[in-house]
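> The structure under discussion is supplied below as structure tokens; questions concerning it will follow.
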Amino acid sequence: MEVRHNLPLLLMICFLSQMGGFMILPLFPLFMEEFGLSGWTLGVIFALFYVGKVIGGVPAAALYRKLGGKRALILMLAALALCMGGFAVSKSAILLGLLRLLQGLASSGLTVVVRSIIGDGGSVENRGLYNGYISSSEGGGMILGPVISGWLAIHWPLSVPFLLVALCCLIAVVTAMGIKTSAQNLPASSSIASRKVKEDYNNQNQQKNVNPPAAPTTESIQAKSLPVTMTMKQQLIGYITVHVLEMSAYAVFLTYFALYATQVMQWDALSASLAFTVAGISTFGAAPVVGRLSDRMGDRLLLCMLGMFLIGVEVLVFLSTSSHMWVYIGMFIGGIGGACYMDSFFAHIGDHTPEEQRSPIMGQIVSAAEIGSIASPLIAALLMEAGSLYTVFIFNLLLIAAAIAVQAVMRSRYRVRQR
């Protein structure tokens, strides 16, 4: 798939899906309360979303390789539309749980498919920039989603925002139908490019009447880019470890920041919501710039580490003060950090994994990372019971520090090869 020509459509898809996700994120607990369900049942329904995200990445990668990016996108978006429409009309806890599970599967799958399209269709020179545009579009959705749903919730029943999100997903399906593919049933257009490179290579040598050496294959080119000190298995373990730690920290932040803001900093709900909006604005603006910087620097892991450090600064700021201005500045810095990490992390994977293994590796990483999203809030809950909300965010900082340490080790291995 030609990424450059399809990029506006991919951005629209990511914007609509992310906006939909953040529209229902603050309303879902309130919506569930209307059913009069027990606390345990609510917990199970919430958890099923993350279970779906854990098991959804690998099957999504397989669908991407089998059906291609366009069809896989349509399938994931249609599933999300079904979930949102189902939420609005469902009255059964069992059906709500099944829809929540499907939502997790589709959400995880959408991430895998979009990042795989960028990884396969991009190159070392532009993967960072393209991933930056994707993160920016998601940041735009993060800004508008809570604002729209909050306004709707004041004037309309809580089912209305879910119906609107379903409509957004259907618009995204139509958008995905407009994606142009370079060849029928070929999920990765880079394989075509690889064959063209080989043909040009042979033609040029024949014209020079020189006995050419064996034409470079995609595998041999990629093998040269892999560090001799790390096997593919070791790389995969490193990628999974880093992303599990990052997603664990993110899950703790999403779960407990609003609680910390209202109970410890004595903020109202609107002020806490605005903090997320500020982070979304900074991600929206910074992601393309950071992506281009990632391409030009080449040292993507260094930018990943910088991103995690900036996220740590965000946490330290709101642990140190309850001043609205300073906390919002911290959130702005954290939004930039998130852009640094996400843009460079997925671009780095695209640079250093063989084409035929790229989407399966993406699927394994995304799925495994969601285990952290399930476990870390539970661990944080135990810490809150034993200590306080302050203890929860000390745990958050430890997760961030561990992620930076693992990336530093991986980066040192890559730099050994470069020397």
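Naming works like this for the structure tokens: A, B, ... for the chains as they're shown, residue 1 at the start of each chain, ligands 1 onward in shown order.
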Within 12 Å of A:Gly350, counting only C-alpha atoms, which residues show up once you throw out same-chain ones fewer than 5 positions away? Write them as a ChimeraX atom specification, please.
/A:115-128,130-131,190,222,225-226,239,300,343-345,355-362
> Find the residues around A:Phe49 up to 6 Å (only C-alpha atoms counted), leave out those fewer than 5 positions away in its own chain, and share them as a short mmCIF file (atom, residue, chain, number, x, y, z; two decimals) with C-alpha atoms, in the first residue's frame.

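Here's the written file selection.cif:
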data_model
loop_
_atom_site.label_atom_id
_atom_site.label_comp_id
_atom_site.auth_asym_id
_atom_site.auth_seq_id
_atom_site.Cartn_x
_atom_site.Cartn_y
_atom_site.Cartn_z
CA ARG A 100 -16.82 -4.77 25.45
CA LEU A 101 -14.65 -7.79 24.56
CA GLY A 104 -11.02 -4.48 22.83
#
> For A:Leu99, find every residue with an atom within 9 Å (counting only C-alpha atoms), except residues of its own chain fewer than 4 positions away, and show them as a PDB file with C-alpha atoms, in the first residue's frame.

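Ended up saving to out.pdb:
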ATOM      1  CA  LEU A  48     -13.197  -7.579  29.255  1.00  0.00           C
ATOM      2  CA  PHE A  49     -12.136  -4.628  27.120  1.00  0.00           C
ATOM      3  CA  LEU A  82     -21.231  -2.538  15.869  1.00  0.00           C
ATOM      4  CA  CYS A  83     -19.977  -2.256  19.457  1.00  0.00           C
ATOM      5  CA  MET A  84     -20.954   1.391  19.852  1.00  0.00           C
ATOM      6  CA  GLY A  86     -24.817  -2.189  20.564  1.00  0.00           C
ATOM      7  CA  PHE A  87     -23.892  -0.302  23.719  1.00  0.00           C
ATOM      8  CA  ILE A  94     -23.915 -10.441  29.171  1.00  0.00           C
ATOM      9  CA  LEU A  95     -24.312  -8.629  25.861  1.00  0.00           C
ATOM     10  CA  GLN A 103     -14.373  -3.505  21.328  1.00  0.00           C
ATOM     11  CA  GLY A 104     -11.020  -4.480  22.835  1.00  0.00           C
TER      12      GLY A 104
END
> Just want the 12 Å neighbourhood of A:Leu73, counted on only C-alpha atoms, with same-chain residues fewer than 6 positions away dropped. Output as an NGL selection string.
:A and (9-10 or 13-14 or 17 or 60-61 or 63-64 or 67 or 79-80 or 106-117 or 169-170 or 172-179 or 187)
> Can you tell me, as number ranges by chain, what residues are no more than 12 Å from A:Glu314 when counting only C-alpha atoms, ignoring any on the same chain fewer than 3 positions away?
A: 250, 253, 257, 275-276, 278-279, 307-311, 317-321, 326-338, 393, 396-397, 400
> Applying 6 Å and only C-alpha atoms, which residues near A:Glu138 remain after dropping the ones on its own chain fewer than 2 positions away? List them as a list of chain:residue names.
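Near neighbours after the sequence-gap exclusion: A:Cys14, A:Phe15, A:Gln18, A:Ser135, A:Ser136, A:Gly140, A:Gly141.
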> Between A:Leu293, A:Val51, A:Met12, A:Leu158, which residue has the minimum interatomic distance to A:Ser367, considering only C-alpha atoms?
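Looking at the shortest contact to A:Ser367, the residue is A:Val51.
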> Pick from A:Val160, A:Leu129, A:Leu302, A:Ala369: nearest to A:Ile148, with only C-alpha atoms counted?
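Selected residue with least distance to A:Ile148: A:Val160.
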> So what do you get for atom CA of A:Leu270 versus atom CA of A:Leu163, distance-wise?
23.8 Å
> Neighbouring residues of A:Ala339 were defined as those with any atom within 9 Å, considering only C-alpha atoms; residues of the same chain fewer than 6 positions away were excluded. Please report them as an MDAnalysis selection string.
chainID A and resid 132 135:136 282:284 286:288 290:291 307
